[in-house]
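Containing compact mmCIF, C-alpha atoms and all ligand atoms: my_file-v9.txt.
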# COMPACT_ATOMS: atom_id res chain seq x y z
CA MET A 121 17.03 -30.87 -48.05
CA ALA A 122 19.40 -33.84 -48.47
CA VAL A 123 20.42 -35.74 -45.33
CA ALA A 124 22.89 -38.63 -45.14
CA ILE A 125 22.98 -41.16 -42.34
CA VAL A 126 26.07 -43.30 -41.95
CA GLY A 127 25.42 -46.68 -40.34
CA ALA A 128 22.25 -48.78 -40.11
CA GLY A 129 22.57 -49.86 -36.47
CA PHE A 130 20.15 -48.55 -33.84
CA SER A 131 21.71 -45.08 -33.88
CA GLY A 132 21.40 -44.58 -37.63
CA ALA A 133 18.10 -46.42 -38.09
CA VAL A 134 16.27 -44.49 -35.34
CA VAL A 135 17.46 -41.10 -36.64
CA ALA A 136 16.49 -42.14 -40.19
CA ARG A 137 12.99 -43.10 -39.08
CA GLU A 138 12.44 -39.96 -37.02
CA LEU A 139 13.55 -37.66 -39.84
CA ALA A 140 11.51 -39.58 -42.42
CA GLU A 141 8.39 -39.36 -40.23
CA ALA A 142 8.93 -35.59 -40.06
CA GLY A 143 9.00 -35.34 -43.86
CA VAL A 144 12.77 -35.27 -44.45
CA ASN A 145 14.20 -37.51 -47.18
CA VAL A 146 17.23 -39.46 -45.94
CA GLU A 147 19.84 -41.69 -47.50
CA VAL A 148 21.29 -44.38 -45.22
CA PHE A 149 24.73 -45.76 -46.05
CA GLU A 150 25.89 -49.04 -44.55
CA THR A 151 29.25 -50.75 -45.15
CA ARG A 152 27.92 -54.22 -44.41
CA ASP A 153 25.57 -56.27 -46.55
CA HIS A 154 22.89 -56.11 -43.85
CA ILE A 155 21.09 -53.70 -41.55
CA GLY A 156 21.11 -53.82 -37.73
CA GLY A 157 24.76 -53.04 -36.98
CA ASN A 158 26.06 -55.23 -34.18
CA CYS A 159 22.51 -56.11 -33.14
CA PHE A 160 21.96 -58.06 -36.38
CA THR A 161 20.33 -61.47 -35.91
CA GLU A 162 19.54 -64.20 -38.42
CA ARG A 163 17.96 -67.62 -38.46
CA HIS A 164 20.48 -70.41 -38.58
CA GLU A 165 19.69 -73.33 -40.90
CA CYS A 166 18.69 -75.35 -37.82
CA GLY A 167 16.04 -72.76 -36.94
CA THR A 168 17.74 -70.96 -34.06
CA ILE A 169 17.87 -67.15 -34.07
CA VAL A 170 21.59 -66.34 -33.85
CA HIS A 171 23.00 -63.00 -32.64
CA VAL A 172 25.80 -62.79 -35.16
CA TYR A 173 27.88 -60.19 -33.28
CA GLY A 174 27.37 -61.62 -29.81
CA PRO A 175 24.43 -61.98 -27.42
CA HIS A 176 22.11 -58.96 -27.09
CA ILE A 177 19.49 -58.70 -24.36
CA PHE A 178 17.29 -55.63 -24.28
CA HIS A 179 17.07 -54.04 -20.82
CA THR A 180 16.15 -50.55 -19.76
CA ALA A 181 14.61 -48.29 -17.14
CA ASP A 182 13.50 -45.90 -19.88
CA GLN A 183 9.81 -46.50 -20.63
CA ARG A 184 9.91 -43.94 -23.46
CA VAL A 185 12.57 -45.96 -25.29
CA PHE A 186 10.80 -49.25 -24.72
CA ASP A 187 7.46 -47.87 -25.94
CA TYR A 188 9.18 -46.41 -28.98
CA ILE A 189 11.02 -49.55 -30.07
CA SER A 190 8.05 -51.81 -29.32
CA GLN A 191 6.18 -50.08 -32.17
CA PHE A 192 8.49 -51.87 -34.61
CA GLY A 193 8.22 -55.43 -33.28
CA GLU A 194 7.01 -57.54 -30.41
CA PHE A 195 9.22 -57.88 -27.33
CA VAL A 196 8.74 -60.81 -24.96
CA PRO A 197 9.69 -60.42 -21.26
CA PHE A 198 13.00 -62.21 -20.72
CA GLU A 199 15.14 -62.43 -17.60
CA HIS A 200 18.79 -62.98 -18.40
CA ARG A 201 20.75 -65.35 -16.15
CA VAL A 202 24.43 -66.10 -16.47
CA HIS A 203 26.54 -68.87 -14.99
CA ALA A 204 30.29 -69.17 -14.66
CA THR A 205 32.64 -72.11 -14.87
CA ALA A 206 35.60 -71.42 -12.61
CA GLY A 207 38.22 -73.81 -11.27
CA GLY A 208 36.29 -76.83 -12.57
CA ARG A 209 32.96 -75.91 -10.92
CA VAL A 210 29.84 -74.02 -11.99
CA TYR A 211 28.58 -70.97 -10.10
CA SER A 212 25.74 -68.48 -10.25
CA LEU A 213 26.54 -64.95 -11.52
CA PRO A 214 26.49 -62.03 -10.88
CA ILE A 215 27.87 -62.72 -7.42
CA ASN A 216 24.88 -63.28 -5.14
CA LEU A 217 24.16 -65.16 -1.93
CA LEU A 218 24.09 -68.49 -3.78
CA THR A 219 27.53 -67.80 -5.29
CA VAL A 220 29.02 -66.91 -1.90
CA ASN A 221 27.54 -70.02 -0.27
CA GLN A 222 28.66 -72.19 -3.22
CA VAL A 223 32.23 -70.90 -3.14
CA PHE A 224 32.73 -71.06 0.63
CA GLY A 225 30.53 -74.11 1.32
CA THR A 226 28.47 -72.04 3.78
CA THR A 227 24.79 -71.38 4.53
CA PHE A 228 25.19 -67.66 5.20
CA THR A 229 22.15 -65.44 5.61
CA PRO A 230 22.28 -62.06 3.82
CA SER A 231 23.73 -60.20 6.80
CA GLU A 232 26.21 -62.99 7.57
CA ALA A 233 27.42 -62.97 3.95
CA GLU A 234 27.79 -59.20 3.98
CA ALA A 235 29.80 -59.29 7.21
CA PHE A 236 31.90 -62.17 5.87
CA LEU A 237 32.77 -60.34 2.62
CA ALA A 238 33.64 -57.24 4.64
CA SER A 239 36.07 -59.38 6.68
CA GLN A 240 37.67 -60.63 3.43
CA SER A 241 38.30 -57.11 2.06
CA VAL A 242 41.89 -56.27 1.19
CA PRO A 243 42.55 -52.55 1.83
CA LYS A 244 43.34 -50.79 -1.44
CA GLY A 245 45.16 -47.79 0.00
CA GLU A 246 45.76 -45.18 -2.68
CA ARG A 247 45.31 -47.63 -5.56
CA THR A 248 42.50 -46.91 -8.04
CA ASP A 249 43.00 -49.86 -10.39
CA LEU A 250 40.59 -52.72 -11.03
CA GLU A 251 42.57 -55.35 -9.13
CA ALA A 252 42.84 -53.26 -5.97
CA HIS A 253 39.17 -52.36 -6.20
CA GLY A 254 38.14 -56.00 -6.78
CA ARG A 255 40.19 -57.36 -3.88
CA SER A 256 38.85 -54.64 -1.60
CA MET A 257 35.22 -55.21 -2.66
CA LEU A 258 35.22 -59.01 -2.76
CA GLY A 259 38.33 -60.31 -1.00
CA ASP A 260 41.01 -62.42 -2.68
CA VAL A 261 39.01 -65.64 -3.21
CA LEU A 262 35.99 -64.25 -5.10
CA TYR A 263 38.08 -61.71 -6.97
CA GLU A 264 40.56 -64.33 -8.23
CA LEU A 265 37.87 -66.89 -9.03
CA PHE A 266 35.63 -64.61 -11.09
CA PHE A 267 37.52 -61.51 -12.20
CA ASP A 268 41.27 -61.86 -12.39
CA GLY A 269 41.52 -64.27 -15.34
CA TYR A 270 38.28 -63.16 -16.98
CA THR A 271 39.25 -59.49 -17.03
CA THR A 272 42.73 -60.28 -18.31
CA LYS A 273 41.22 -62.25 -21.22
CA GLN A 274 38.50 -59.70 -21.95
CA TRP A 275 40.72 -56.61 -21.96
CA GLY A 276 44.14 -58.06 -22.79
CA SER A 277 45.72 -56.17 -19.87
CA ALA A 278 46.54 -57.04 -16.28
CA PRO A 279 43.70 -55.89 -13.99
CA SER A 280 46.26 -53.80 -12.10
CA GLU A 281 46.56 -51.68 -15.28
CA LEU A 282 42.83 -51.20 -15.82
CA PRO A 283 40.59 -48.56 -14.24
CA ALA A 284 38.29 -49.76 -11.46
CA SER A 285 35.28 -48.49 -13.44
CA VAL A 286 35.30 -51.74 -15.47
CA LEU A 287 34.38 -53.68 -12.31
CA GLN A 288 32.21 -51.09 -10.58
CA ARG A 289 29.36 -51.81 -12.99
CA LEU A 290 28.96 -55.38 -11.67
CA PRO A 291 26.48 -55.81 -8.85
CA VAL A 292 27.04 -57.97 -5.76
CA ARG A 293 23.79 -59.12 -4.19
CA PHE A 294 23.23 -60.45 -0.70
CA ASN A 295 20.11 -62.37 -1.65
CA TYR A 296 19.34 -65.16 -4.13
CA ASP A 297 18.40 -62.81 -7.00
CA SER A 298 20.55 -64.01 -9.91
CA SER A 299 18.99 -61.84 -12.60
CA TYR A 300 21.91 -60.47 -14.60
CA PHE A 301 20.43 -57.01 -15.10
CA SER A 302 18.70 -54.82 -12.53
CA HIS A 303 16.55 -52.84 -14.97
CA PRO A 304 12.75 -53.10 -14.60
CA ILE A 305 12.26 -53.78 -18.33
CA GLN A 306 14.10 -56.81 -19.75
CA ALA A 307 12.95 -58.37 -23.00
CA MET A 308 13.85 -60.14 -26.21
CA PRO A 309 12.38 -59.41 -29.63
CA ARG A 310 10.16 -62.38 -30.52
CA LEU A 311 11.62 -62.71 -34.03
CA GLY A 312 15.12 -61.36 -33.34
CA TYR A 313 16.40 -57.82 -33.87
CA THR A 314 16.66 -57.78 -37.66
CA PRO A 315 12.87 -57.61 -38.29
CA ILE A 316 12.78 -54.56 -35.99
CA PHE A 317 15.36 -52.84 -38.19
CA GLU A 318 13.39 -53.84 -41.31
CA GLN A 319 10.33 -52.10 -39.86
CA LEU A 320 12.33 -49.05 -38.70
CA LEU A 321 13.83 -48.53 -42.14
CA ASP A 322 10.68 -49.36 -44.11
CA HIS A 323 9.58 -45.84 -45.02
CA PRO A 324 9.14 -44.17 -48.43
CA ARG A 325 11.44 -41.31 -47.40
CA ILE A 326 14.31 -43.68 -46.46
CA ASP A 327 16.69 -44.74 -49.21
CA LEU A 328 19.01 -47.53 -47.98
CA HIS A 329 22.38 -48.30 -49.58
CA LEU A 330 23.95 -51.52 -48.28
CA ASN A 331 27.54 -52.53 -49.11
CA THR A 332 28.38 -48.84 -49.24
CA ALA A 333 31.19 -47.50 -47.08
CA ILE A 334 31.18 -43.73 -47.18
CA ASP A 335 33.82 -41.27 -46.00
CA ALA A 336 33.83 -37.57 -45.19
CA ALA A 337 34.40 -36.62 -48.84
CA GLY A 338 31.41 -38.73 -49.90
CA LEU A 339 29.15 -36.59 -47.72
CA ALA A 340 29.99 -33.36 -49.53
CA GLY A 341 26.73 -33.09 -51.47
CA PHE A 342 24.49 -33.38 -48.39
CA ASP A 343 23.07 -30.53 -46.29
CA HIS A 344 23.60 -32.52 -43.11
CA ALA A 345 25.06 -35.90 -42.11
CA PHE A 346 24.63 -38.13 -39.08
CA TRP A 347 27.77 -40.22 -38.55
CA SER A 348 27.49 -43.41 -36.45
CA GLY A 349 30.72 -44.89 -37.79
CA PRO A 350 34.03 -44.54 -35.89
CA VAL A 351 34.79 -40.89 -35.13
CA ASP A 352 38.49 -41.37 -35.94
CA ALA A 353 37.60 -42.95 -39.32
CA TYR A 354 35.66 -39.79 -40.26
CA PHE A 355 38.88 -37.78 -39.86
CA GLY A 356 40.91 -40.39 -41.80
CA TYR A 357 42.66 -41.40 -38.53
CA SER A 358 44.69 -38.22 -38.93
CA LEU A 359 45.39 -37.94 -35.19
CA GLY A 360 45.93 -41.69 -34.68
CA ARG A 361 43.65 -44.66 -34.06
CA LEU A 362 41.35 -45.06 -31.09
CA ARG A 363 41.86 -48.52 -29.65
CA TYR A 364 39.20 -51.22 -29.37
CA ARG A 365 38.92 -54.87 -28.46
CA THR A 366 37.48 -57.12 -31.12
CA LEU A 367 35.79 -60.51 -30.82
CA ASP A 368 36.09 -63.79 -32.70
CA PHE A 369 33.27 -66.31 -32.55
CA GLU A 370 33.65 -70.05 -33.03
CA GLU A 371 30.35 -71.64 -33.98
CA GLU A 372 29.24 -75.19 -33.26
CA VAL A 373 25.95 -76.99 -33.79
CA HIS A 374 24.87 -79.77 -31.44
CA ASP A 375 21.84 -81.98 -30.96
CA GLY A 376 19.52 -81.13 -28.07
CA ASP A 377 20.82 -78.98 -25.25
CA TYR A 378 24.52 -78.09 -25.06
CA GLN A 379 25.09 -76.31 -21.75
CA GLY A 380 21.68 -75.86 -20.09
CA CYS A 381 21.73 -72.04 -20.07
CA SER A 382 22.10 -69.07 -22.41
CA VAL A 383 25.51 -67.79 -21.30
CA MET A 384 28.31 -69.62 -19.48
CA ASN A 385 31.27 -67.41 -18.60
CA GLN A 386 34.64 -69.10 -18.50
CA THR A 387 36.67 -67.23 -15.95
CA ASP A 388 39.89 -69.31 -15.84
CA LEU A 389 42.86 -67.76 -17.62
CA ASP A 390 43.92 -71.09 -19.16
CA VAL A 391 40.59 -71.37 -21.04
CA PRO A 392 41.17 -69.13 -24.08
CA PHE A 393 37.56 -68.01 -24.57
CA THR A 394 35.56 -65.73 -22.26
CA ARG A 395 32.09 -67.21 -22.62
CA VAL A 396 29.85 -69.61 -24.50
CA THR A 397 26.43 -68.48 -25.73
CA GLU A 398 23.66 -70.95 -26.53
CA PHE A 399 21.09 -69.02 -28.54
CA ASN A 400 18.09 -71.34 -28.16
CA TYR A 401 17.84 -70.09 -24.58
CA PHE A 402 17.04 -66.58 -25.81
CA THR A 403 13.79 -67.80 -27.39
CA PRO A 404 12.25 -70.19 -24.84
CA TRP A 405 8.96 -69.90 -26.77
CA GLU A 406 10.51 -71.72 -29.76
CA HIS A 407 11.60 -75.35 -29.98
CA HIS A 408 14.52 -76.59 -32.11
CA ASP A 409 15.99 -80.08 -32.15
CA ARG A 410 19.47 -78.73 -32.69
CA THR A 411 21.30 -75.96 -30.87
CA VAL A 412 23.85 -73.35 -31.97
CA ILE A 413 26.63 -72.21 -29.67
CA TYR A 414 29.25 -69.47 -30.04
CA ARG A 415 32.54 -69.55 -28.18
CA GLU A 416 33.73 -65.95 -27.77
CA PHE A 417 37.38 -64.92 -27.93
CA SER A 418 38.57 -61.38 -27.22
CA ARG A 419 41.69 -59.74 -28.69
CA ASP A 420 43.14 -56.38 -29.74
CA CYS A 421 41.34 -54.86 -32.72
CA GLY A 422 43.45 -54.60 -35.88
CA GLU A 423 42.82 -52.18 -38.76
CA ASN A 424 40.59 -54.64 -40.63
CA ASP A 425 38.72 -56.04 -37.64
CA ILE A 426 35.29 -55.06 -36.36
CA PRO A 427 35.65 -52.67 -33.42
CA TYR A 428 33.59 -53.95 -30.46
CA TYR A 429 34.61 -52.56 -27.07
CA PRO A 430 36.31 -49.14 -26.81
CA LEU A 431 39.42 -49.51 -24.66
CA ARG A 432 39.15 -46.03 -23.09
CA LEU A 433 42.38 -46.16 -21.10
CA ASN A 434 44.07 -42.86 -20.27
CA GLU A 435 45.86 -42.44 -23.60
CA ASP A 436 42.64 -43.23 -25.51
CA GLY A 437 40.83 -40.60 -23.47
CA GLU A 438 43.37 -37.96 -24.53
CA LEU A 439 43.10 -38.90 -28.19
CA LEU A 440 39.32 -39.02 -27.97
CA GLY A 441 39.32 -35.51 -26.52
CA ARG A 442 41.17 -34.25 -29.58
CA TYR A 443 38.79 -36.03 -31.97
CA LEU A 444 35.76 -34.70 -30.09
CA GLU A 445 37.13 -31.17 -30.40
CA ALA A 446 37.52 -31.69 -34.14
CA ALA A 447 34.02 -33.20 -34.31
CA ASP A 448 32.56 -30.16 -32.53
CA GLN A 449 34.03 -27.90 -35.17
CA GLU A 450 32.78 -29.97 -38.10
CA PRO A 451 29.87 -28.05 -39.63
CA GLY A 452 26.85 -30.03 -40.77
CA VAL A 453 27.81 -33.35 -39.16
CA THR A 454 26.35 -34.91 -36.02
CA PHE A 455 28.38 -37.74 -34.46
CA LEU A 456 26.42 -40.34 -32.54
CA GLY A 457 26.29 -43.93 -31.36
CA ARG A 458 28.87 -46.19 -29.82
CA LEU A 459 31.46 -45.65 -32.59
CA GLY A 460 30.69 -42.01 -33.32
CA THR A 461 31.24 -41.10 -29.66
CA TYR A 462 33.64 -43.94 -28.69
CA ARG A 463 31.63 -45.12 -25.69
CA TYR A 464 30.22 -48.47 -24.64
CA LEU A 465 26.48 -47.88 -25.01
CA ASP A 466 23.65 -50.29 -24.38
CA MET A 467 20.93 -50.45 -27.01
CA ASP A 468 18.42 -48.48 -24.95
CA VAL A 469 20.89 -45.62 -24.49
CA CYS A 470 21.66 -45.57 -28.23
CA ILE A 471 17.97 -45.46 -29.08
CA GLY A 472 17.29 -42.72 -26.50
CA GLU A 473 20.21 -40.60 -27.69
CA ALA A 474 19.21 -41.07 -31.34
CA LEU A 475 15.67 -39.89 -30.53
CA ASP A 476 17.10 -36.81 -28.78
CA VAL A 477 19.55 -36.03 -31.59
CA ALA A 478 16.80 -36.30 -34.20
CA ALA A 479 14.45 -34.07 -32.18
CA GLU A 480 17.16 -31.42 -31.76
CA PHE A 481 17.88 -31.47 -35.48
CA LEU A 482 14.20 -31.21 -36.42
CA LYS A 483 13.78 -28.16 -34.18
CA LYS A 484 16.31 -26.32 -36.33
CA VAL A 485 15.07 -27.17 -39.83
C1 LIG B 1 29.44 -58.30 -27.68
C2 LIG B 1 28.44 -57.23 -27.39
C3 LIG B 1 27.29 -57.54 -26.68
C4 LIG B 1 26.37 -56.54 -26.40
N1 LIG B 1 25.26 -56.89 -25.70
C5 LIG B 1 24.34 -55.96 -25.40
C6 LIG B 1 23.19 -56.30 -24.63
O1 LIG B 1 23.02 -57.43 -24.19
N2 LIG B 1 22.28 -55.31 -24.39
C7 LIG B 1 22.45 -54.02 -24.85
O2 LIG B 1 21.58 -53.17 -24.61
N3 LIG B 1 23.53 -53.69 -25.60
C8 LIG B 1 24.47 -54.62 -25.89
N4 LIG B 1 25.57 -54.27 -26.64
C9 LIG B 1 25.66 -52.90 -27.18
C10 LIG B 1 25.02 -52.79 -28.59
O3 LIG B 1 25.71 -53.62 -29.49
C11 LIG B 1 25.07 -51.32 -29.03
O4 LIG B 1 24.27 -50.56 -28.15
C12 LIG B 1 24.56 -51.06 -30.45
O5 LIG B 1 25.08 -51.96 -31.39
C13 LIG B 1 24.99 -49.66 -30.87
O6 LIG B 1 24.37 -49.29 -32.06
P1 LIG B 1 25.06 -48.22 -33.04
O7 LIG B 1 24.10 -47.98 -34.12
O8 LIG B 1 25.55 -47.06 -32.26
O9 LIG B 1 26.37 -48.97 -33.55
P2 LIG B 1 26.51 -50.26 -34.53
O10 LIG B 1 25.49 -51.29 -34.17
O11 LIG B 1 27.94 -50.67 -34.47
O12 LIG B 1 26.19 -49.67 -35.94
C14 LIG B 1 27.10 -48.84 -36.66
C15 LIG B 1 27.03 -49.22 -38.11
O13 LIG B 1 27.76 -48.28 -38.89
C16 LIG B 1 28.35 -48.96 -39.97
N5 LIG B 1 29.44 -48.14 -40.48
C17 LIG B 1 30.57 -47.80 -39.82
N6 LIG B 1 31.35 -46.99 -40.60
C18 LIG B 1 30.69 -46.82 -41.76
C19 LIG B 1 30.95 -46.09 -42.96
N7 LIG B 1 32.09 -45.36 -43.11
N8 LIG B 1 30.06 -46.12 -43.97
C20 LIG B 1 28.91 -46.85 -43.84
N9 LIG B 1 28.60 -47.56 -42.71
C21 LIG B 1 29.47 -47.54 -41.70
C22 LIG B 1 28.80 -50.28 -39.35
O14 LIG B 1 28.99 -51.27 -40.34
C23 LIG B 1 27.64 -50.59 -38.40
O15 LIG B 1 26.69 -51.43 -39.02
C24 LIG B 1 26.56 -55.22 -26.87
C25 LIG B 1 27.74 -54.90 -27.56
C26 LIG B 1 28.68 -55.89 -27.78
C27 LIG B 1 29.96 -55.51 -28.47
Write-out of the structure in structure tokens:
Amino acid sequence: MAVAIVGAGFSGAVVARELAEAGVNVEVFETRDHIGGNCFTERHECGTIVHVYGPHIFHTADQRVFDYISQFGEFVPFEHRVHATAGGRVYSLPINLLTVNQVFGTTFTPSEAEAFLASQSVPKGERTDLEAHGRSMLGDVLYELFFDGYTTKQWGSAPSELPASVLQRLPVRFNYDSSYFSHPIQAMPRLGYTPIFEQLLDHPRIDLHLNTAIDAAGLAGFDHAFWSGPVDAYFGYSLGRLRYRTLDFEEEVHDGDYQGCSVMNQTDLDVPFTRVTEFNYFTPWEHHDRTVIYREFSRDCGENDIPYYPLRLNEDGELLGRYLEAADQEPGVTFLGRLGTYRYLDMDVCIGEALDVAAEFLKKV
């Protein structure tokens, strides 16, 4: 049986490994000149491990996924903390008791802070948009300081035109816990993500073709294909293009320590970038004399750009529905991953779904 796998990110690489382990020969096709998809990391000439497509922190509540991926490389416990520069001052994020006390110059206890934020709430009435939700959840001051400008830069739309779901994911804590993620497992691969992909794809039944973009016609000779590229690309964009945001990164190298933390969000609208990542902070067990930073800029994704964040506004949802219907009727092709299903997916979810998809497939062959 001949099986093709399109894409060598976590979705494609995990399916490839699972099928290979079960005795199926697979061919993996990858447009880029490297494996790892958007999780690709490489050592910069100054020694730092750089996350080339933006910072990636592994976090999960799924022990099965963590045990699985840990077979392919060592993960070191890592608690991600983010700061924000807003209005010329630095604050702790996600919003926690320290942030509230910093912003309002108070010494609130947890219950005092909770009561205070409740008193700041702006009723949202019938509105379901992000701005109304943010003002109702946080009051005007915190909402405007941390979310109004940042969201506008990140999504290229006024928050009043975005669904509240974009903001609902962000926690507000009434204690001094400033850990960015709430998951019980949070870790970084000791040597970066790329060596994990090298291990995943290192199997005699896996044949890897880099620099090879494949389309639906190219899959004709295979008994089955797993497609982790964009779902609309598979259909030649025949129904139109699903919209994404793309990112541009501006790299700089400095001596010593640049900003004192891994990620500094820039929430003011007049600062054109959304955040600055300093990669040395992702490997506190290494020491480098120089430091690499990326400034991150967000904009609409053009035809030749790398798609990063699915927009998923109402009109995208309708178009997606039509593509998913077409995908359902496509015999011999399984669509998966963040591009194949047009969803924002964390790495652990991608890995978990790829394991499930591979297991389902193996039951039938
Ligand atoms: C800026 C940013 C930060 C993130 N940070 C985190 C984080 O901190 N923690 C976390 O858990 N998740 C994070 N994620 C999510 C993470 O990137 C995804 O979970 C993961 O990359 C999805 O893997 P995938 O294999 O589905 O897709 P991808 O990694 O995008 O892989 C798909 C691959 O398919 C290839 N391809 C596409 N079309 C074709 C074709 N026609 N022929 C051949 N190859 C093709 C592409 O080149 C790509 O390499 C982040 C995402 C972004 C955008």
All residues having an atom within 8 Å of ligand LIG 1 (chain B) (all atoms listed in the file) as a VMD selection string: chain A and resid 126 to 133 149 to 152 154 to 160 173 to 180 331 to 335 347 to 350 353 to 354 367 428 to 429 456 to 460 464 to 470
Residue neighbourhood A:Ala206, 9 Å, all atoms listed in the file, exclusion window fewer than 4 positions, as a short mmCIF file (atom, residue, chain, number, x, y, z; two decimals) with C-alpha atoms, keeping the file's coordinate frame:
data_model
loop_
_atom_site.label_atom_id
_atom_site.label_comp_id
_atom_site.auth_asym_id
_atom_site.auth_seq_id
_atom_site.Cartn_x
_atom_site.Cartn_y
_atom_site.Cartn_z
CA VAL A 210 29.84 -74.02 -11.99
CA TYR A 211 28.58 -70.97 -10.10
CA LEU A 265 37.87 -66.89 -9.03
CA PHE A 266 35.63 -64.61 -11.09
CA ASN A 385 31.27 -67.41 -18.60
CA GLN A 386 34.64 -69.10 -18.50
CA THR A 387 36.67 -67.23 -15.95
CA ASP A 388 39.89 -69.31 -15.84
#
Enclose all atoms of stretch 414-417 of chain A listed in the file in an axis-aligned box, grow every side by 6 Å, and hand back centre and edge lengths in Å to one decimal, as JSON.
{"center_x": 33.3, "center_y": -67.2, "center_z": -28.9, "size_x": 20.1, "size_y": 16.6, "size_z": 14.3}
Atom CA of A:Thr461 to atom CA of A:Leu440, distance in Å rounded to a single decimal: 8.5 Å
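Minimum atom-to-atom distances from A:Asp343, A:Ile125, A:Ser298, A:Lys273 to A:Glu138 were compared using only C-alpha atoms, and the lowest value belongs to A:Ile125.
The shortest atom-to-atom distance to A:Asp322, with all atoms listed in the file taken into account, belongs to A:Ala140 out of A:Ala140, A:Ala122, A:Asp249, A:Asp448.
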Distance of atom CA of A:Glu147 from atom CA of A:Leu328, expressed in Å to one decimal place: 5.9 Å
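Minimum atom-to-atom distances from A:Met257, A:Val134, A:Gly422, A:Leu431 to A:Val477 were compared using all atoms listed in the file, and the lowest value belongs to A:Val134.
Take atom CA of A:Asn295 and atom CA of A:Val223: the distance between them is 14.9 Å.
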Surrounding residues of A:Glu370 excluding itself and chain neighbours under 4 positions, 12 Å, only C-alpha atoms, as a ChimeraX atom specification: /A:172-174,392-398,412-418
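Residue nearest A:Val261 within the list A:Thr219, A:Ser302, A:Asn400, A:Ser280: A:Thr219 [criterion: smallest interatomic distance, all atoms listed in the file].
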Spatial neighbours of A:Thr411, 9 Å, all atoms listed in the file, chain gap at least 4 places, as a list in words: Cys166, Gly167, Thr168, Glu372, Val373, His374, Asp375, Gly376, Asp377, Tyr378, Glu398, Phe399 and Asn400 of chain A
Kindly provide the residues of stretch 237-351 of chain A that approach stretch 195-201 of chain A to within 8 Å, each paired with its closest atom pair and their distance in Å to one decimal, based on only C-alpha atoms, listed by chain and increasing number, as CSV.
residue,atom,partner,partner_atom,distance
A:Ser298,CA,A:Arg201,CA,6.4
A:Ser299,CA,A:Arg201,CA,5.3
A:Tyr300,CA,A:Arg201,CA,5.2
A:Phe301,CA,A:His200,CA,7.0
A:Ile305,CA,A:Pro197,CA,7.7
A:Gln306,CA,A:Phe198,CA,5.6
A:Ala307,CA,A:Pro197,CA,4.2
A:Met308,CA,A:Phe195,CA,5.3
A:Pro309,CA,A:Phe195,CA,4.2
A:Arg310,CA,A:Phe195,CA,5.6
